[in-house]
>>> print(open('work.cif').read())   # mmCIF, C-alpha atoms and all ligand atoms; chains and numbers go by the auth columns
data_model
#
loop_
_atom_site.group_PDB
_atom_site.id
_atom_site.type_symbol
_atom_site.label_atom_id
_atom_site.label_comp_id
_atom_site.label_asym_id
_atom_site.label_seq_id
_atom_site.Cartn_x
_atom_site.Cartn_y
_atom_site.Cartn_z
_atom_site.B_iso_or_equiv
_atom_site.auth_seq_id
_atom_site.auth_asym_id
ATOM 1 C CA MET A 1 -95.404 133.913 -0.387 0.00 1 A
ATOM 2 C CA ARG A 2 -94.953 137.493 0.834 0.00 2 A
ATOM 3 C CA VAL A 3 -96.395 137.951 4.274 0.00 3 A
ATOM 4 C CA VAL A 4 -96.532 140.669 6.919 0.00 4 A
ATOM 5 C CA LEU A 5 -97.271 139.617 10.502 0.00 5 A
ATOM 6 C CA VAL A 6 -98.812 142.048 12.978 0.00 6 A
ATOM 7 C CA GLY A 7 -100.021 141.542 16.533 0.00 7 A
ATOM 8 C CA PRO A 8 -100.042 143.156 19.971 0.00 8 A
ATOM 9 C CA PRO A 9 -97.403 142.602 22.660 0.00 9 A
ATOM 10 C CA GLY A 10 -98.098 139.240 24.311 0.00 10 A
ATOM 11 C CA ALA A 11 -99.606 137.683 21.159 0.00 11 A
ATOM 12 C CA GLY A 12 -96.577 135.433 20.678 0.00 12 A
ATOM 13 C CA LYS A 13 -95.694 137.165 17.430 0.00 13 A
ATOM 14 C CA GLY A 14 -91.964 136.363 17.496 0.00 14 A
ATOM 15 C CA THR A 15 -92.613 132.643 18.015 0.00 15 A
ATOM 16 C CA GLN A 16 -95.323 132.504 15.357 0.00 16 A
ATOM 17 C CA ALA A 17 -93.143 134.420 12.909 0.00 17 A
ATOM 18 C CA GLN A 18 -90.456 131.770 13.266 0.00 18 A
ATOM 19 C CA PHE A 19 -92.839 128.788 12.910 0.00 19 A
ATOM 20 C CA ILE A 20 -94.800 130.220 9.976 0.00 20 A
ATOM 21 C CA ALA A 21 -91.630 131.226 8.107 0.00 21 A
ATOM 22 C CA SER A 22 -90.159 127.760 8.583 0.00 22 A
ATOM 23 C CA HIS A 23 -93.427 126.062 7.434 0.00 23 A
ATOM 24 C CA LEU A 24 -93.358 128.217 4.294 0.00 24 A
ATOM 25 C CA SER A 25 -89.572 127.860 3.810 0.00 25 A
ATOM 26 C CA ILE A 26 -89.160 131.625 3.583 0.00 26 A
ATOM 27 C CA PRO A 27 -86.893 133.903 5.638 0.00 27 A
ATOM 28 C CA LYS A 28 -88.314 135.653 8.693 0.00 28 A
ATOM 29 C CA ILE A 29 -87.257 139.270 8.429 0.00 29 A
ATOM 30 C CA SER A 30 -87.616 141.272 11.615 0.00 30 A
ATOM 31 C CA THR A 31 -86.518 144.860 12.034 0.00 31 A
ATOM 32 C CA GLY A 32 -84.651 143.832 15.205 0.00 32 A
ATOM 33 C CA ASP A 33 -82.569 141.278 13.258 0.00 33 A
ATOM 34 C CA ILE A 34 -81.927 143.756 10.441 0.00 34 A
ATOM 35 C CA PHE A 35 -80.745 146.440 12.892 0.00 35 A
ATOM 36 C CA ARG A 36 -78.432 144.020 14.664 0.00 36 A
ATOM 37 C CA ALA A 37 -77.000 142.691 11.377 0.00 37 A
ATOM 38 C CA ASN A 38 -76.311 146.206 10.066 0.00 38 A
ATOM 39 C CA VAL A 39 -74.816 147.451 13.320 0.00 39 A
ATOM 40 C CA SER A 40 -72.599 144.402 13.896 0.00 40 A
ATOM 41 C CA GLY A 41 -71.671 144.318 10.179 0.00 41 A
ATOM 42 C CA GLY A 42 -70.623 147.978 10.403 0.00 42 A
ATOM 43 C CA THR A 43 -72.593 149.007 7.285 0.00 43 A
ATOM 44 C CA GLU A 44 -73.127 152.715 6.584 0.00 44 A
ATOM 45 C CA LEU A 45 -76.792 152.326 7.541 0.00 45 A
ATOM 46 C CA GLY A 46 -75.770 150.460 10.674 0.00 46 A
ATOM 47 C CA LYS A 47 -73.425 153.266 11.725 0.00 47 A
ATOM 48 C CA LEU A 48 -76.160 155.809 11.083 0.00 48 A
ATOM 49 C CA ALA A 49 -78.744 153.817 13.059 0.00 49 A
ATOM 50 C CA LYS A 50 -76.283 153.362 15.924 0.00 50 A
ATOM 51 C CA GLU A 51 -75.750 157.125 16.235 0.00 51 A
ATOM 52 C CA TYR A 52 -79.483 157.558 16.845 0.00 52 A
ATOM 53 C CA MET A 53 -79.730 154.588 19.196 0.00 53 A
ATOM 54 C CA ASP A 54 -76.677 155.722 21.211 0.00 54 A
ATOM 55 C CA ARG A 55 -78.382 159.070 21.737 0.00 55 A
ATOM 56 C CA GLY A 56 -81.532 157.254 22.828 0.00 56 A
ATOM 57 C CA ASP A 57 -83.409 158.559 19.780 0.00 57 A
ATOM 58 C CA LEU A 58 -85.715 156.602 17.492 0.00 58 A
ATOM 59 C CA VAL A 59 -84.100 155.500 14.249 0.00 59 A
ATOM 60 C CA PRO A 60 -85.784 157.568 11.502 0.00 60 A
ATOM 61 C CA ASP A 61 -88.111 155.827 9.049 0.00 61 A
ATOM 62 C CA GLU A 62 -85.785 156.490 6.074 0.00 62 A
ATOM 63 C CA VAL A 63 -82.973 154.515 7.715 0.00 63 A
ATOM 64 C CA THR A 64 -85.270 151.602 8.625 0.00 64 A
ATOM 65 C CA VAL A 65 -86.774 151.598 5.137 0.00 65 A
ATOM 66 C CA ALA A 66 -83.322 151.577 3.501 0.00 66 A
ATOM 67 C CA MET A 67 -82.311 148.586 5.637 0.00 67 A
ATOM 68 C CA VAL A 68 -85.523 146.733 4.746 0.00 68 A
ATOM 69 C CA ARG A 69 -84.902 147.472 1.050 0.00 69 A
ATOM 70 C CA ASP A 70 -81.364 146.017 1.285 0.00 70 A
ATOM 71 C CA ARG A 71 -82.634 142.938 3.100 0.00 71 A
ATOM 72 C CA LEU A 72 -85.472 142.287 0.642 0.00 72 A
ATOM 73 C CA SER A 73 -82.970 142.495 -2.212 0.00 73 A
ATOM 74 C CA GLU A 74 -80.986 139.538 -0.874 0.00 74 A
ATOM 75 C CA ASP A 75 -81.187 136.195 -2.688 0.00 75 A
ATOM 76 C CA ASP A 76 -83.059 134.254 -0.015 0.00 76 A
ATOM 77 C CA ALA A 77 -85.963 136.742 -0.069 0.00 77 A
ATOM 78 C CA GLN A 78 -86.699 136.428 -3.781 0.00 78 A
ATOM 79 C CA GLU A 79 -89.217 133.599 -3.418 0.00 79 A
ATOM 80 C CA GLY A 80 -90.992 135.203 -0.471 0.00 80 A
ATOM 81 C CA PHE A 81 -90.515 136.510 3.046 0.00 81 A
ATOM 82 C CA LEU A 82 -92.286 137.089 6.317 0.00 82 A
ATOM 83 C CA LEU A 83 -91.919 140.598 7.683 0.00 83 A
ATOM 84 C CA ASP A 84 -92.136 141.009 11.461 0.00 84 A
ATOM 85 C CA GLY A 85 -92.096 144.488 12.997 0.00 85 A
ATOM 86 C CA PHE A 86 -92.342 146.340 9.685 0.00 86 A
ATOM 87 C CA PRO A 87 -94.358 148.227 8.590 0.00 87 A
ATOM 88 C CA ARG A 88 -95.353 149.823 11.889 0.00 88 A
ATOM 89 C CA ASN A 89 -97.529 152.613 10.521 0.00 89 A
ATOM 90 C CA VAL A 90 -99.376 153.665 7.376 0.00 90 A
ATOM 91 C CA PRO A 91 -96.564 155.828 5.929 0.00 91 A
ATOM 92 C CA GLN A 92 -94.196 152.821 6.206 0.00 92 A
ATOM 93 C CA ALA A 93 -96.864 150.589 4.617 0.00 93 A
ATOM 94 C CA GLU A 94 -97.147 152.999 1.698 0.00 94 A
ATOM 95 C CA VAL A 95 -93.368 153.085 1.271 0.00 95 A
ATOM 96 C CA LEU A 96 -93.249 149.275 1.364 0.00 96 A
ATOM 97 C CA LYS A 97 -95.969 149.037 -1.273 0.00 97 A
ATOM 98 C CA LYS A 98 -94.031 151.378 -3.576 0.00 98 A
ATOM 99 C CA MET A 99 -90.755 149.553 -2.934 0.00 99 A
ATOM 100 C CA LEU A 100 -92.285 146.162 -3.770 0.00 100 A
ATOM 101 C CA ALA A 101 -93.917 147.632 -6.874 0.00 101 A
ATOM 102 C CA GLU A 102 -90.440 148.735 -8.033 0.00 102 A
ATOM 103 C CA PHE A 103 -89.346 145.107 -7.596 0.00 103 A
ATOM 104 C CA GLY A 104 -92.448 144.089 -9.596 0.00 104 A
ATOM 105 C CA ILE A 105 -94.035 142.275 -6.648 0.00 105 A
ATOM 106 C CA SER A 106 -96.660 142.876 -3.960 0.00 106 A
ATOM 107 C CA LEU A 107 -97.684 141.506 -0.575 0.00 107 A
ATOM 108 C CA ASP A 108 -99.911 138.418 -0.620 0.00 108 A
ATOM 109 C CA VAL A 109 -101.339 138.609 2.871 0.00 109 A
ATOM 110 C CA VAL A 110 -101.146 140.453 6.168 0.00 110 A
ATOM 111 C CA LEU A 111 -101.784 138.181 9.140 0.00 111 A
ATOM 112 C CA ASN A 112 -103.194 139.941 12.163 0.00 112 A
ATOM 113 C CA LEU A 113 -102.806 137.960 15.400 0.00 113 A
ATOM 114 C CA VAL A 114 -105.893 138.680 17.473 0.00 114 A
ATOM 115 C CA VAL A 115 -105.853 138.291 21.263 0.00 115 A
ATOM 116 C CA ASP A 116 -108.109 140.152 23.642 0.00 116 A
ATOM 117 C CA ASP A 117 -106.544 142.503 26.171 0.00 117 A
ATOM 118 C CA ASP A 118 -107.512 140.417 29.218 0.00 118 A
ATOM 119 C CA GLU A 119 -105.741 137.388 27.748 0.00 119 A
ATOM 120 C CA VAL A 120 -102.591 139.442 27.110 0.00 120 A
ATOM 121 C CA VAL A 121 -102.699 140.675 30.703 0.00 121 A
ATOM 122 C CA ARG A 122 -103.139 137.087 31.958 0.00 122 A
ATOM 123 C CA ARG A 123 -100.105 135.996 29.909 0.00 123 A
ATOM 124 C CA LEU A 124 -97.790 138.874 30.797 0.00 124 A
ATOM 125 C CA ALA A 125 -98.846 139.932 34.307 0.00 125 A
ATOM 126 C CA GLY A 126 -98.189 136.418 35.646 0.00 126 A
ATOM 127 C CA ARG A 127 -94.500 136.635 34.797 0.00 127 A
ATOM 128 C CA ARG A 128 -92.071 136.606 37.719 0.00 128 A
ATOM 129 C CA THR A 129 -88.337 137.191 37.298 0.00 129 A
ATOM 130 C CA CYS A 130 -85.561 135.840 39.519 0.00 130 A
ATOM 131 C CA ARG A 131 -83.481 138.597 41.125 0.00 131 A
ATOM 132 C CA SER A 132 -80.397 136.376 41.190 0.00 132 A
ATOM 133 C CA CYS A 133 -80.271 134.468 37.891 0.00 133 A
ATOM 134 C CA GLY A 134 -82.828 136.367 35.772 0.00 134 A
ATOM 135 C CA LYS A 135 -84.880 133.256 34.911 0.00 135 A
ATOM 136 C CA VAL A 136 -88.513 134.077 34.098 0.00 136 A
ATOM 137 C CA TRP A 137 -91.318 131.992 35.638 0.00 137 A
ATOM 138 C CA HIS A 138 -95.075 132.259 35.244 0.00 138 A
ATOM 139 C CA GLU A 139 -97.531 132.009 38.124 0.00 139 A
ATOM 140 C CA LEU A 140 -100.011 130.017 36.004 0.00 140 A
ATOM 141 C CA PHE A 141 -98.108 128.465 33.101 0.00 141 A
ATOM 142 C CA ASP A 142 -94.671 127.729 34.559 0.00 142 A
ATOM 143 C CA PRO A 143 -94.809 128.093 38.343 0.00 143 A
ATOM 144 C CA PRO A 144 -91.815 127.306 40.564 0.00 144 A
ATOM 145 C CA ALA A 145 -92.282 124.570 43.206 0.00 145 A
ATOM 146 C CA VAL A 146 -92.427 127.175 45.992 0.00 146 A
ATOM 147 C CA ALA A 147 -94.259 130.427 45.197 0.00 147 A
ATOM 148 C CA GLY A 148 -91.896 133.416 45.052 0.00 148 A
ATOM 149 C CA VAL A 149 -88.713 131.299 45.004 0.00 149 A
ATOM 150 C CA CYS A 150 -86.617 130.434 41.927 0.00 150 A
ATOM 151 C CA ASP A 151 -86.346 126.644 41.421 0.00 151 A
ATOM 152 C CA ALA A 152 -83.091 127.070 39.551 0.00 152 A
ATOM 153 C CA CYS A 153 -81.093 129.025 42.127 0.00 153 A
ATOM 154 C CA GLY A 154 -83.259 129.698 45.207 0.00 154 A
ATOM 155 C CA GLY A 155 -83.352 133.424 44.397 0.00 155 A
ATOM 156 C CA GLU A 156 -86.256 135.747 45.141 0.00 156 A
ATOM 157 C CA LEU A 157 -88.850 136.259 42.374 0.00 157 A
ATOM 158 C CA PHE A 158 -90.270 139.689 41.595 0.00 158 A
ATOM 159 C CA GLN A 159 -92.575 141.320 39.053 0.00 159 A
ATOM 160 C CA ARG A 160 -90.797 143.625 36.589 0.00 160 A
ATOM 161 C CA ASP A 161 -92.412 147.039 36.021 0.00 161 A
ATOM 162 C CA ASP A 162 -92.958 146.013 32.368 0.00 162 A
ATOM 163 C CA ASP A 163 -95.065 143.081 33.555 0.00 163 A
ATOM 164 C CA ARG A 164 -97.422 145.125 35.746 0.00 164 A
ATOM 165 C CA GLU A 165 -101.046 145.175 34.636 0.00 165 A
ATOM 166 C CA GLU A 166 -101.198 149.015 34.304 0.00 166 A
ATOM 167 C CA THR A 167 -98.045 149.028 32.162 0.00 167 A
ATOM 168 C CA ILE A 168 -99.342 146.216 29.964 0.00 168 A
ATOM 169 C CA ARG A 169 -102.745 147.890 29.483 0.00 169 A
ATOM 170 C CA HIS A 170 -101.010 151.148 28.571 0.00 170 A
ATOM 171 C CA ARG A 171 -98.779 149.401 26.017 0.00 171 A
ATOM 172 C CA LEU A 172 -101.868 147.734 24.531 0.00 172 A
ATOM 173 C CA GLU A 173 -103.647 151.094 24.219 0.00 173 A
ATOM 174 C CA VAL A 174 -100.629 152.624 22.482 0.00 174 A
ATOM 175 C CA TYR A 175 -100.413 149.596 20.188 0.00 175 A
ATOM 176 C CA GLN A 176 -104.110 149.751 19.237 0.00 176 A
ATOM 177 C CA GLU A 177 -103.890 153.486 18.560 0.00 177 A
ATOM 178 C CA GLN A 178 -100.849 153.113 16.310 0.00 178 A
ATOM 179 C CA THR A 179 -101.904 149.913 14.597 0.00 179 A
ATOM 180 C CA ALA A 180 -105.611 150.486 13.952 0.00 180 A
ATOM 181 C CA PRO A 181 -104.894 152.699 10.886 0.00 181 A
ATOM 182 C CA LEU A 182 -102.421 150.095 9.560 0.00 182 A
ATOM 183 C CA ILE A 183 -105.034 147.342 9.933 0.00 183 A
ATOM 184 C CA SER A 184 -107.611 149.459 8.045 0.00 184 A
ATOM 185 C CA PHE A 185 -105.044 150.203 5.342 0.00 185 A
ATOM 186 C CA TYR A 186 -104.520 146.487 4.679 0.00 186 A
ATOM 187 C CA ALA A 187 -108.233 145.708 5.032 0.00 187 A
ATOM 188 C CA ASP A 188 -108.845 148.258 2.257 0.00 188 A
ATOM 189 C CA GLU A 189 -106.149 146.561 0.182 0.00 189 A
ATOM 190 C CA GLY A 190 -108.117 143.314 0.593 0.00 190 A
ATOM 191 C CA ILE A 191 -105.179 141.335 2.002 0.00 191 A
ATOM 192 C CA LEU A 192 -105.902 141.380 5.742 0.00 192 A
ATOM 193 C CA GLN A 193 -106.509 138.068 7.488 0.00 193 A
ATOM 194 C CA GLY A 194 -107.250 137.844 11.221 0.00 194 A
ATOM 195 C CA VAL A 195 -105.945 134.841 13.153 0.00 195 A
ATOM 196 C CA ASP A 196 -107.232 133.901 16.601 0.00 196 A
ATOM 197 C CA ALA A 197 -104.021 133.830 18.672 0.00 197 A
ATOM 198 C CA THR A 198 -105.472 132.309 21.854 0.00 198 A
ATOM 199 C CA GLY A 199 -104.656 128.750 22.919 0.00 199 A
ATOM 200 C CA PRO A 200 -101.538 126.608 22.481 0.00 200 A
ATOM 201 C CA VAL A 201 -98.749 127.858 20.211 0.00 201 A
ATOM 202 C CA GLU A 202 -99.099 124.909 17.754 0.00 202 A
ATOM 203 C CA GLU A 203 -102.836 125.526 17.338 0.00 203 A
ATOM 204 C CA VAL A 204 -102.236 129.186 16.555 0.00 204 A
ATOM 205 C CA THR A 205 -99.621 128.188 13.956 0.00 205 A
ATOM 206 C CA GLN A 206 -102.114 125.740 12.392 0.00 206 A
ATOM 207 C CA ARG A 207 -104.778 128.465 12.212 0.00 207 A
ATOM 208 C CA ALA A 208 -102.287 130.849 10.619 0.00 208 A
ATOM 209 C CA MET A 209 -101.279 128.189 8.077 0.00 209 A
ATOM 210 C CA SER A 210 -104.918 127.482 7.097 0.00 210 A
ATOM 211 C CA ALA A 211 -105.515 131.208 6.715 0.00 211 A
ATOM 212 C CA LEU A 212 -102.469 131.429 4.429 0.00 212 A
ATOM 213 C CA ARG A 213 -103.653 128.451 2.372 0.00 213 A
ATOM 214 C CA ARG A 214 -107.018 130.148 1.862 0.00 214 A
ATOM 215 C CA PHE A 215 -105.155 133.164 0.504 0.00 215 A
ATOM 216 C CA ALA A 216 -102.867 131.116 -1.710 0.00 216 A
ATOM 217 C CA ASP A 217 -105.900 129.608 -3.539 0.00 217 A
HETATM 218 ZN ZN ZN B . -82.843 132.108 39.905 0.00 301 B
#
>>> encode(input="work.cif", output="structure tokens")
Amino acid sequence: MRVVLVGPPGAGKGTQAQFIASHLSIPKISTGDIFRANVSGGTELGKLAKEYMDRGDLVPDEVTVAMVRDRLSEDDAQEGFLLDGFPRNVPQAEVLKKMLAEFGISLDVVLNLVVDDDEVVRRLAGRRTCRSCGKVWHELFDPPAVAGVCDACGGELFQRDDDREETIRHRLEVYQEQTAPLISFYADEGILQGVDATGPVEEVTQRAMSALRRFAD
């Protein structure tokens, strides 16, 4: 099966990508992994990407697309794959569609993890990080024995700027703005499937798997 997974920050996308890919016995292909593999492998594309990253610039679409093309051409991706983090926008989705058509294949389904903004804020804004050892706790889901103190090392816990409610809400707005056109693109293609991503991780995986089975029929 050829699957694309999309979802906002805080939807547990990375975890779900791993579980779903392993249930389907297909490789999980994330842009992060592809970048790291190319950079550490010293490929031409990796060197090119690193020049941009070292300057603090975004890696251009053409470089990302070329890396994705290389990765999808590998043996383990021939029976299917789960893409995580690509495509990010409609132009990338169009390029992917063309690329797959050249390979004589197409996407089967795009899973959209759906979580409402308040739930994302509840998940992320409760995170507290230890100043000494860096361990991350959660006020609701994984609280230390004494509030504000790290169980592991006795260090002081603090809230990272990334975990502040305003920052999270801003990231969600940016995500919705960028992703809404992508979601419509795949809805028009008739391959979009929403998955309720609230509740325990295993339940979300089960929902995703039933959605995929519906599409496989
Ligand atoms: Zn600590």
>>> residues_near_ligand(input="work.cif", ligand="ligand ZN 301 (chain B)", cutoff="10 Å", atoms="all atoms listed in the file", output="list of chain:residue names")
A:Thr129, A:Cys130, A:Arg131, A:Ser132, A:Cys133, A:Gly134, A:Lys135, A:Val136, A:Trp137, A:Val149, A:Cys150, A:Asp151, A:Ala152, A:Cys153, A:Gly154, A:Gly155, A:Glu156, A:Leu157
>>> write_last_selection(input="work.cif", atoms="C-alpha atoms", output="CSV table (one decimal), keeping the file's coordinate frame")
chain,number,residue,atom,x,y,z
A,129,THR,CA,-88.3,137.2,37.3
A,130,CYS,CA,-85.6,135.8,39.5
A,131,ARG,CA,-83.5,138.6,41.1
A,132,SER,CA,-80.4,136.4,41.2
A,133,CYS,CA,-80.3,134.5,37.9
A,134,GLY,CA,-82.8,136.4,35.8
A,135,LYS,CA,-84.9,133.3,34.9
A,136,VAL,CA,-88.5,134.1,34.1
A,137,TRP,CA,-91.3,132.0,35.6
A,149,VAL,CA,-88.7,131.3,45.0
A,150,CYS,CA,-86.6,130.4,41.9
A,151,ASP,CA,-86.3,126.6,41.4
A,152,ALA,CA,-83.1,127.1,39.6
A,153,CYS,CA,-81.1,129.0,42.1
A,154,GLY,CA,-83.3,129.7,45.2
A,155,GLY,CA,-83.4,133.4,44.4
A,156,GLU,CA,-86.3,135.7,45.1
A,157,LEU,CA,-88.8,136.3,42.4
>>> resolve_selection(input="work.cif", expression="the PyMOL selection byres (((chain A and resi 46) around 10) and not hetatm)", output="PyMOL selection string")
chain A and resi 34-45+47-51+63-64+67
>>> residues_around(input="work.cif", residues="stretch 119-126 of chain A", least_positions_apart="2", cutoff="12 Å", atoms="all atoms listed in the file", output="JSON, numbers by chain")
{"A": [7, 8, 9, 10, 11, 12, 113, 114, 115, 116, 117, 128, 129, 136, 137, 138, 139, 140, 141, 142, 143, 147, 148, 157, 158, 159, 160, 161, 162, 163, 164, 165, 166, 167, 168, 169, 170, 171, 172, 196, 197, 198, 199]}
>>> residues_around(input="work.cif", residues="A:Leu96", least_positions_apart="5", cutoff="10 Å", atoms="all atoms listed in the file", output="PyMOL selection string")
chain A and resi 65+68-69+86-87+90-91+101-102+106-107
>>> axis_aligned_box(input="work.cif", around="stretch 106-114 of chain A", padding_each_side="6 Å", output="JSON")
{"center_x": -101.3, "center_y": 140.4, "center_z": 6.8, "size_x": 21.2, "size_y": 16.9, "size_z": 33.4}
>>> closest_residue(input="work.cif", among="A:Ile29, A:Ile183, A:Met1, A:Ala17", to="A:Ile105", atoms="all atoms listed in the file")
A:Met1
>>> atom_distance(input="work.cif", atom1="atom CA of A:Ala211", atom2="atom CA of A:Glu173")
26.6 Å
>>> atom_distance(input="work.cif", atom1="atom CA of A:Glu189", atom2="atom CA of A:Lys98")
13.6 Å
>>> atom_distance(input="work.cif", atom1="atom CA of A:Val146", atom2="atom CA of A:Val201")
26.6 Å
